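run37.txt (compact mmCIF, C-alpha atoms)
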# COMPACT_ATOMS: atom_id res chain seq x y z
CA MET A 720 39.69 8.56 41.22
CA TYR A 721 37.73 11.55 40.03
CA LEU A 722 40.35 13.73 38.41
CA GLY A 723 38.27 16.44 36.83
CA ASP A 724 35.68 17.08 34.19
CA VAL A 725 35.81 17.92 30.51
CA SER A 726 33.31 20.12 28.73
CA ILE A 727 32.88 20.85 25.05
CA PHE A 728 30.86 23.84 24.01
CA SER A 729 28.79 24.57 20.98
CA PRO A 730 26.85 27.67 20.05
CA ARG A 731 24.01 26.21 22.09
CA GLY A 732 26.05 25.90 25.26
CA VAL A 733 27.74 22.96 26.93
CA GLU A 734 27.11 20.04 24.61
CA PHE A 735 29.29 17.48 26.29
CA GLN A 736 30.40 17.09 29.86
CA ASN A 737 32.06 14.06 31.32
CA PHE A 738 34.05 13.13 34.38
CA VAL A 739 37.60 11.93 34.00
CA ILE A 740 37.76 9.14 36.51
CA GLU A 741 40.65 6.94 35.40
CA VAL A 742 43.82 7.10 33.42
CA THR A 743 41.75 7.08 30.29
CA THR A 744 38.20 8.09 29.72
CA VAL A 745 36.94 6.85 26.41
CA GLU A 746 33.74 7.80 24.71
CA ARG A 747 33.54 6.12 21.39
CA ASP A 748 31.75 3.95 18.94
CA HIS A 749 34.33 1.23 18.85
CA ASP A 750 33.28 -0.53 15.69
CA ARG A 751 32.82 2.56 13.61
CA LEU A 752 35.74 4.66 14.56
CA LYS A 753 38.39 2.00 15.13
CA GLN A 754 40.28 4.58 17.09
CA ASP A 755 42.48 2.17 18.97
CA ARG A 756 44.32 1.01 15.91
CA TYR A 757 44.98 4.53 14.78
CA LEU A 758 46.06 5.72 18.17
CA LEU A 759 48.56 2.88 18.33
CA SER A 760 50.53 4.35 15.49
CA TYR A 761 49.74 7.91 16.31
CA ASP A 762 52.15 10.41 17.73
CA LEU A 763 51.13 10.43 21.36
CA ASP A 764 53.59 13.20 22.10
CA ASN A 765 51.04 15.47 20.52
CA THR A 766 53.18 17.32 18.04
CA GLY A 767 50.22 18.53 16.09
CA ASN A 768 50.00 15.92 13.39
CA GLU A 769 46.53 14.80 12.51
CA VAL A 770 45.01 11.45 11.83
CA GLU A 771 42.38 11.22 9.18
CA LEU A 772 39.87 8.42 8.98
CA ASN A 773 38.01 7.83 5.76
CA GLU A 774 35.31 5.27 5.92
CA PRO A 775 32.51 4.53 3.47
CA ILE A 776 29.42 3.41 5.32
CA ALA A 777 25.95 2.54 4.12
CA ASN A 778 23.97 4.38 6.73
CA ILE A 779 24.84 7.38 8.80
CA PRO A 780 24.00 6.50 12.36
CA ILE A 781 23.28 9.14 14.95
CA HIS A 782 26.17 9.11 17.36
CA PRO A 783 25.43 9.89 21.01
CA LEU A 784 28.32 12.32 21.08
CA ASP A 785 27.31 14.29 18.03
CA ILE A 786 28.15 17.88 18.81
CA GLU A 787 27.36 20.32 16.07
CA ILE A 788 30.10 22.75 15.12
CA SER A 789 29.55 26.26 13.90
CA GLY A 790 32.55 28.15 12.59
CA ASP A 791 36.23 27.35 12.37
CA TYR A 792 36.90 26.81 16.05
CA ILE A 793 35.68 24.60 18.83
CA THR A 794 35.88 25.52 22.47
CA GLY A 795 35.74 23.70 25.74
CA SER A 796 37.20 23.43 29.18
CA TYR A 797 38.76 21.15 31.74
CA LYS A 798 38.37 21.65 35.47
CA ASP A 799 40.57 19.87 37.97
CA ALA A 800 38.64 18.28 40.82
CA GLY A 801 41.31 19.00 43.40
CA ILE A 802 41.92 15.34 44.11
CA GLY A 803 44.78 14.66 41.73
CA SER A 804 48.38 15.73 42.11
CA PRO A 805 49.23 18.66 39.84
CA PRO A 806 51.19 19.33 37.81
CA TYR A 807 49.93 16.95 35.19
CA GLU A 808 48.89 17.07 31.57
CA VAL A 809 45.50 16.32 30.08
CA LYS A 810 45.21 15.45 26.43
CA LEU A 811 41.89 15.61 24.65
CA TRP A 812 41.47 13.86 21.35
CA LEU A 813 38.48 15.21 19.53
CA VAL A 814 37.18 13.11 16.67
CA VAL A 815 35.69 15.61 14.26
CA GLU A 816 33.66 14.64 11.26
CA GLU A 817 33.22 16.36 7.95
CA GLN A 818 30.03 16.65 6.00
CA PRO A 819 29.37 13.19 4.51
CA GLU A 820 29.94 12.82 0.79
CA LEU A 821 27.44 10.78 -1.16
CA LEU A 822 29.13 7.97 -3.08
CA GLU A 823 27.68 7.24 -6.49
CA ASN A 824 27.19 3.58 -7.36
CA ASP A 825 28.63 2.50 -10.70
CA MET B 814 49.60 12.66 8.57
CA ILE B 815 48.47 9.08 8.80
CA ARG B 816 45.65 8.19 6.52
CA GLY B 817 43.44 5.16 6.89
CA ILE B 818 41.00 4.15 4.22
CA HIS B 819 38.51 1.41 4.87
CA SER B 820 37.67 -0.45 1.70
CA GLU B 821 35.47 -3.17 3.17
CA GLU B 822 32.32 -3.96 1.25
CA ILE B 823 29.13 -3.40 3.15
CA ALA B 824 26.19 -5.52 2.09
CA GLY B 825 22.94 -3.73 1.60
CA GLU B 826 21.08 -1.58 -0.75
CA GLY B 827 20.75 2.15 -1.08
CA THR B 828 23.44 4.77 -1.02
CA GLN B 829 26.83 4.93 0.56
CA HIS B 830 28.47 7.91 2.13
CA LEU B 831 32.11 8.65 2.63
CA ILE B 832 32.70 10.08 6.05
CA LYS B 833 35.98 11.74 6.85
CA ARG B 834 37.02 12.00 10.46
CA THR B 835 40.05 13.65 11.93
CA PHE B 836 41.64 13.54 15.35
CA VAL B 837 42.25 16.99 16.74
CA PRO B 838 44.60 16.80 19.72
CA ILE B 839 44.43 19.34 22.52
CA SER B 840 46.98 19.47 25.30
CA LEU B 841 46.30 21.19 28.61
CA SER B 842 48.68 21.58 31.52
CA VAL B 843 47.17 21.61 35.00
CA ASP B 844 49.49 23.34 37.43
CA ALA B 845 47.36 23.70 40.54
CA ALA B 846 44.42 22.08 42.24
CA ASN B 847 40.95 23.14 41.10
CA GLN B 848 42.40 24.86 38.07
CA TYR B 849 39.99 25.70 35.26
CA LYS B 850 41.49 25.56 31.80
CA THR B 851 39.75 26.51 28.61
CA PHE B 852 40.71 25.76 25.05
CA LYS B 853 39.85 27.06 21.63
CA VAL B 854 41.23 25.15 18.67
CA LYS B 855 40.93 25.58 14.97
CA ILE B 856 39.30 22.63 13.32
CA PRO B 857 39.78 21.32 9.79
CA TYR B 858 37.86 22.92 6.99
CA ARG B 859 34.38 21.46 6.44
CA SER B 860 34.23 19.97 9.93
CA ARG B 861 30.62 19.44 10.92
CA LYS B 862 30.47 17.78 14.30
CA VAL B 863 32.37 16.10 17.11
CA VAL B 864 31.58 12.41 17.26
CA GLY B 865 34.06 11.19 19.83
CA VAL B 866 36.31 12.28 22.63
CA ILE B 867 39.23 10.47 24.17
CA VAL B 868 40.81 11.85 27.29
CA THR B 869 44.24 10.80 28.53
CA HIS B 870 46.33 12.24 31.31
CA ASP B 871 49.52 11.57 33.17
CA ALA B 872 48.44 12.48 36.69
CA PRO B 873 50.22 10.28 39.22
CA SER B 874 48.04 8.20 41.47
CA GLN B 875 48.41 4.94 43.31
CA VAL B 876 44.90 3.80 42.56
CA MET B 877 44.79 4.32 38.82
CA HIS B 878 46.91 1.40 37.69
CA HIS B 879 45.09 -1.12 35.59
CA ASN B 880 47.34 -4.04 36.55
CA ARG B 881 47.30 -5.32 33.04
CA ILE B 882 48.86 -8.73 32.36
CA TYR B 883 50.18 -9.72 28.95
CA LEU B 884 50.48 -13.38 28.08
CA GLY B 885 50.50 -15.62 25.08
CA SER B 886 52.47 -17.28 22.34
CA ALA B 887 55.04 -15.53 20.18
CA PRO B 888 58.09 -16.43 18.09
CA ASP B 889 61.36 -17.00 19.92
CA VAL B 890 62.90 -13.62 19.24
CA PRO B 891 64.44 -10.95 21.45
CA ILE B 892 61.81 -9.58 23.81
CA THR B 893 60.58 -6.15 22.85
CA GLN B 894 57.71 -3.92 23.85
CA GLN B 895 56.06 -4.66 20.52
CA LEU B 896 56.17 -8.38 21.25
CA ILE B 897 54.63 -7.92 24.69
CA ILE B 898 51.76 -5.63 23.76
CA GLY B 899 50.88 -7.97 20.90
CA LEU B 900 50.04 -10.71 23.39
CA ASN B 901 46.67 -11.38 24.96
CA GLN B 902 45.70 -9.00 27.73
CA GLU B 903 44.20 -9.88 31.08
CA PHE B 904 43.89 -8.10 34.40
CA TYR B 905 45.65 -9.12 37.56
CA GLN B 906 43.40 -10.26 40.38
CA ASP B 907 44.64 -10.14 43.91
CA VAL B 908 44.20 -13.85 44.62
CA ASP B 909 46.61 -16.60 45.63
CA GLU B 910 46.41 -18.33 42.25
CA GLN B 911 45.19 -16.95 38.93
CA CYS B 912 45.13 -19.32 35.94
CA PHE B 913 44.82 -18.71 32.20
CA ASP B 914 44.30 -21.04 29.27
CA VAL B 915 46.83 -20.29 26.57
CA SER B 916 47.26 -21.76 23.10
CA VAL B 917 50.94 -21.89 22.17
CA ARG B 918 51.62 -22.18 18.47
CA TYR B 919 54.16 -24.73 17.22
CA GLY B 920 57.71 -23.57 17.61
CA GLU B 921 56.75 -20.50 19.59
CA LYS B 922 57.37 -19.72 23.22
CA LEU B 923 55.07 -18.63 25.96
CA TYR B 924 55.53 -15.12 27.29
CA PHE B 925 54.05 -13.62 30.43
CA ALA B 926 54.36 -10.05 31.66
CA LEU B 927 53.26 -8.70 35.04
CA PRO B 928 53.69 -5.20 36.50
CA LYS B 929 56.86 -5.19 38.62
CA ARG B 930 55.09 -2.89 41.05
CA LEU B 931 53.00 -5.82 42.27
CA GLY B 932 56.03 -7.39 43.90
CA SER B 933 58.62 -10.09 43.38
CA TYR B 934 56.85 -12.89 45.20
CA PHE B 935 55.20 -14.52 42.19
CA TYR B 936 56.04 -17.62 40.23
CA LEU B 937 54.49 -19.34 37.24
CA THR B 938 53.50 -22.89 36.45
CA ILE B 939 52.58 -24.54 33.16
CA ASN B 940 50.08 -27.36 33.50
CA GLY B 941 51.02 -27.54 37.15
CA TYR B 942 54.76 -27.90 36.55
CA PHE B 943 57.28 -25.57 38.11
CA ASN B 944 60.61 -24.50 36.65
CA GLU B 945 59.27 -23.99 33.15
CA PHE B 946 60.40 -20.37 33.15
CA PRO B 947 63.83 -18.97 33.97
CA LYS B 948 63.99 -15.83 36.06
CA PRO B 949 62.08 -12.93 34.54
CA ILE B 950 63.68 -9.89 33.02
CA VAL B 951 62.54 -6.33 33.69
CA MET B 952 61.26 -4.26 30.83
CA GLU B 953 59.47 -0.94 30.60
CA ILE B 954 56.10 -1.33 28.90
CA ARG B 955 53.94 1.51 27.69
CA ASP B 956 50.27 0.75 28.07
CA GLN B 957 48.70 1.28 24.66
CA TRP B 958 45.40 2.38 26.16
CA THR B 959 46.66 4.83 28.71
CA ASP B 960 50.10 5.88 27.49
CA PHE B 961 51.30 5.01 30.99
CA LYS B 962 54.79 3.53 31.31
CA GLU B 963 55.92 1.19 34.01
CA ASP B 964 58.35 -1.68 34.57
CA TYR B 965 57.16 -5.23 34.03
CA TRP B 966 58.48 -8.64 34.94
CA VAL B 967 58.64 -10.59 31.67
CA TRP B 968 58.93 -14.35 31.66
CA GLU B 969 59.82 -16.45 28.62
CA SER B 970 59.22 -20.19 28.68
CA ILE B 971 62.16 -22.55 28.33
CA ALA B 972 60.40 -25.07 26.10
CA ASP B 973 58.62 -24.33 22.85
CA GLU B 974 56.73 -27.57 22.23
CA TRP B 975 53.61 -26.68 24.16
CA GLU B 976 50.14 -26.60 22.65
CA ASN B 977 47.12 -25.77 24.76
CA VAL B 978 48.33 -25.16 28.28
CA GLN B 979 47.18 -23.69 31.52
CA VAL B 980 49.45 -21.06 32.99
CA CYS B 981 49.02 -20.17 36.63
CA LEU B 982 50.35 -17.12 38.40
CA ILE B 983 50.92 -18.08 42.00
CA LYS B 984 51.51 -15.66 44.78
CA ASP B 985 54.14 -16.95 47.16
CA SER B 986 53.08 -15.55 50.50
CA GLY B 987 55.89 -17.34 52.27
CA ASP B 988 58.85 -15.10 51.54
CA GLY B 989 57.15 -11.76 51.84
CA GLY B 990 58.38 -9.05 49.54
CA ASP B 991 55.70 -6.75 50.81
CA SER B 992 55.87 -4.21 53.56
CA ASP B 993 55.40 -6.93 56.16
CA ASP B 994 58.53 -8.86 55.42
CA ASP B 995 60.49 -8.36 58.56
CA GLU B 996 60.00 -11.33 60.81
CA GLU B 997 61.45 -9.64 63.83
CA ASP B 998 58.96 -6.85 63.61
CA ASP B 999 56.11 -9.28 63.73
CA GLU B 1000 56.91 -10.26 67.28
CA TYR B 1001 56.18 -6.83 68.65
Could you write out this file's structure as C-alpha cells?
Amino acid sequence: MYLGDVSIFSPRGVEFQNFVIEVTTVERDHDRLKQDRYLLSYDLDNTGNEVELNEPIANIPIHPLDIEISGDYITGSYKDAGIGSPPYEVKLWLVVEEQPELLEND
Amino acid sequence: MIRGIHSEEIAGEGTQHLIKRTFVPISLSVDAANQYKTFKVKIPYRSRKVVGVIVTHDAPSQVMHHNRIYLGSAPDVPITQQLIIGLNQEFYQDVDEQCFDVSVRYGEKLYFALPKRLGSYFYLTINGYFNEFPKPIVMEIRDQWTDFKEDYWVWESIADEWENVQVCLIKDSGDGGDSDDDEEDDEY
C-alpha cells in the first residue's frame, strides 16, 4: 500500500524523496550502519534520546543517500497519499554523519 | 544515549577515519487524508550529511502484515518475547503445507510462532510425526523491524532430544476457522 511520500530538503532543494509503501521503508547500507542492532535496543517510543554510532573505517564510501547539510537544522516533509487510515503516526529516523576524523596510525 | 563503538580491525593500508553517526528521530502525526506535514529539526553539532533514512509508521491496514514466522531451537525456559524474536525468521506462505529444516541443539526445545490472525486451523509435525507439540499459547509479539504488535500462536515441542528435523506447518482445511465455516450456509 502506498501510504505517502517523504522528502528531505537541502539548500539545493529536495535531495531525497521516497514512497512509503509498507510498514517500514528502509534505505540503508546494511553492513556499514548496522542500524538494526541499534534500533533493537533503541527507545522506539521516540522520547528524544539519540543513538550514536562510532565506526572506524578504512575508506569513506560515497553513500547513495548522502544529503549535504548546511546549518544547524534539517528540513523535510511527509505527504499522506490519501489511501491510509488517519490518524496515524510516521516516524523518521535520520542517520546523520559528522565530519570524518582522520585516525593517526601508531 | 546508547553508544556503540566498533573496534574491528580492517585489513588494508592507508589511513583510517572515525565516522560518527547519530540517529535523529522525527515524529509526525497525520490526522487527515492528503495531509502535508513539514518538519525542521536541530541536528547535532558538526553534522555534515544525512546518510540514511528509516521510516516507520503505525497506520492500520489489512494488507501490510508481513506474516512473519519465528522458529528454531532455544533453551527450555519460560516463553518470552525475547526468546521468540531471537529465533530464525521466515515468512508464511499461503499453501497447504510449508516445511522448514531446523537444527535443534542438545537439550533445547523447538519453538514455533505464527500470527494468530492467520487462523486456528493449523497444526505442526516434526519429521512427519503429529502430537509433538501441545496446544499453542497466545503471546503478543512486537515485530523488531516494524514496531508492529500482534498476537501469535506459540508452540513449544514436548521432547528436547531432536537434532536436525523438518518441521511442517499444515493447514487443516477440514474444520474451517475461516469465514466459510458454516456448513449450513454452504447449501444455499
Quiz item: Could you list as a VMD selection string every residue that has an atom within 9 Å of (48.3, 19.8, 44.5), using the file's coordinates and counting all atoms listed in the file?
Solution: (chain A and resid 801 to 806) or (chain B and resid 844 to 847)
Self-check item: All residues 9 Å or closer to range 878-895 of chain B, all atoms listed in the file, same chain fewer than 6 positions away omitted, as an MDAnalysis selection string
Solution: (chainID A and resid 741:742) or (chainID B and resid 901:906 913 915:918 920:928 931 952:956 961 967 969 973)
Selection file, C-alpha atoms, as a PDB file, in the coordinates of the input:
ATOM      1  CA  GLU A 741      40.650   6.940  35.400  1.00  0.00           C
ATOM      2  CA  VAL A 742      43.820   7.100  33.420  1.00  0.00           C
TER       3      VAL A 742
ATOM      4  CA  ASN B 901      46.670 -11.380  24.960  1.00  0.00           C
ATOM      5  CA  GLN B 902      45.700  -9.000  27.730  1.00  0.00           C
ATOM      6  CA  GLU B 903      44.200  -9.880  31.080  1.00  0.00           C
ATOM      7  CA  PHE B 904      43.890  -8.100  34.400  1.00  0.00           C
ATOM      8  CA  TYR B 905      45.650  -9.120  37.560  1.00  0.00           C
ATOM      9  CA  GLN B 906      43.400 -10.260  40.380  1.00  0.00           C
ATOM     10  CA  PHE B 913      44.820 -18.710  32.200  1.00  0.00           C
ATOM     11  CA  VAL B 915      46.830 -20.290  26.570  1.00  0.00           C
ATOM     12  CA  SER B 916      47.260 -21.760  23.100  1.00  0.00           C
ATOM     13  CA  VAL B 917      50.940 -21.890  22.170  1.00  0.00           C
ATOM     14  CA  ARG B 918      51.620 -22.180  18.470  1.00  0.00           C
ATOM     15  CA  GLY B 920      57.710 -23.570  17.610  1.00  0.00           C
ATOM     16  CA  GLU B 921      56.750 -20.500  19.590  1.00  0.00           C
ATOM     17  CA  LYS B 922      57.370 -19.720  23.220  1.00  0.00           C
ATOM     18  CA  LEU B 923      55.070 -18.630  25.960  1.00  0.00           C
ATOM     19  CA  TYR B 924      55.530 -15.120  27.290  1.00  0.00           C
ATOM     20  CA  PHE B 925      54.050 -13.620  30.430  1.00  0.00           C
ATOM     21  CA  ALA B 926      54.360 -10.050  31.660  1.00  0.00           C
ATOM     22  CA  LEU B 927      53.260  -8.700  35.040  1.00  0.00           C
ATOM     23  CA  PRO B 928      53.690  -5.200  36.500  1.00  0.00           C
ATOM     24  CA  LEU B 931      53.000  -5.820  42.270  1.00  0.00           C
ATOM     25  CA  MET B 952      61.260  -4.260  30.830  1.00  0.00           C
ATOM     26  CA  GLU B 953      59.470  -0.940  30.600  1.00  0.00           C
ATOM     27  CA  ILE B 954      56.100  -1.330  28.900  1.00  0.00           C
ATOM     28  CA  ARG B 955      53.940   1.510  27.690  1.00  0.00           C
ATOM     29  CA  ASP B 956      50.270   0.750  28.070  1.00  0.00           C
ATOM     30  CA  PHE B 961      51.300   5.010  30.990  1.00  0.00           C
ATOM     31  CA  VAL B 967      58.640 -10.590  31.670  1.00  0.00           C
ATOM     32  CA  GLU B 969      59.820 -16.450  28.620  1.00  0.00           C
ATOM     33  CA  ASP B 973      58.620 -24.330  22.850  1.00  0.00           C
TER      34      ASP B 973
END
Quiz item: Could you state the separation of CA of Val739 in chain A and CA of Val837 in chain B in Å, given to one decimal place?
Solution: 18.6 Å
Exercise. Quick one: pull the distance between CA of Lys948 in chain B and CA of Trp968 in chain B, Å, one decimal.
Key: 6.9 Å
Practice problem: Up to 6 Å from chain A, what residues of chain B turn up? Count only C-alpha atoms and give them as number ranges by chain. | Solution: B: 814-819, 829-856, 859-872, 877, 959
Quiz prompt | Nearest residue to Asp985 in chain B from the set B:Asn944, B:Lys929, B:Glu963, B:Glu910 (distances using all atoms listed in the file) | solution =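 Comparing B:Asn944, B:Lys929, B:Glu963, B:Glu910 against Asp985 in chain B, the winner is B:Glu910.
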Self-check item: One-decimal distance in Å that lies between CA of Asp909 in chain B and CA of Tyr942 in chain B
Solution: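 Atom-to-atom, CA of Tyr942 in chain B to CA of Asp909 in chain B, that is 16.6 Å.
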Would you compute an axis-aligned box for range 784-799 of chain A, covering every atom listed for it in the file with 5 Å of margin on each side, and report centre and edge lengths in Å to one decimal as AutoDock Vina command-line options?
--center_x 33.9 --center_y 20.2 --center_z 25.2 --size_x 23.3 --size_y 25.8 --size_z 35.6
Quiz item: When distances are computed from all atoms listed in the file, which of B:Tyr936, B:Tyr858, B:Tyr919, B:Phe946 shows the smallest separation from Ile971 in chain B?
Solution: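 Ranking B:Tyr936, B:Tyr858, B:Tyr919, B:Phe946 by distance to Ile971 in chain B, first place goes to B:Phe946.
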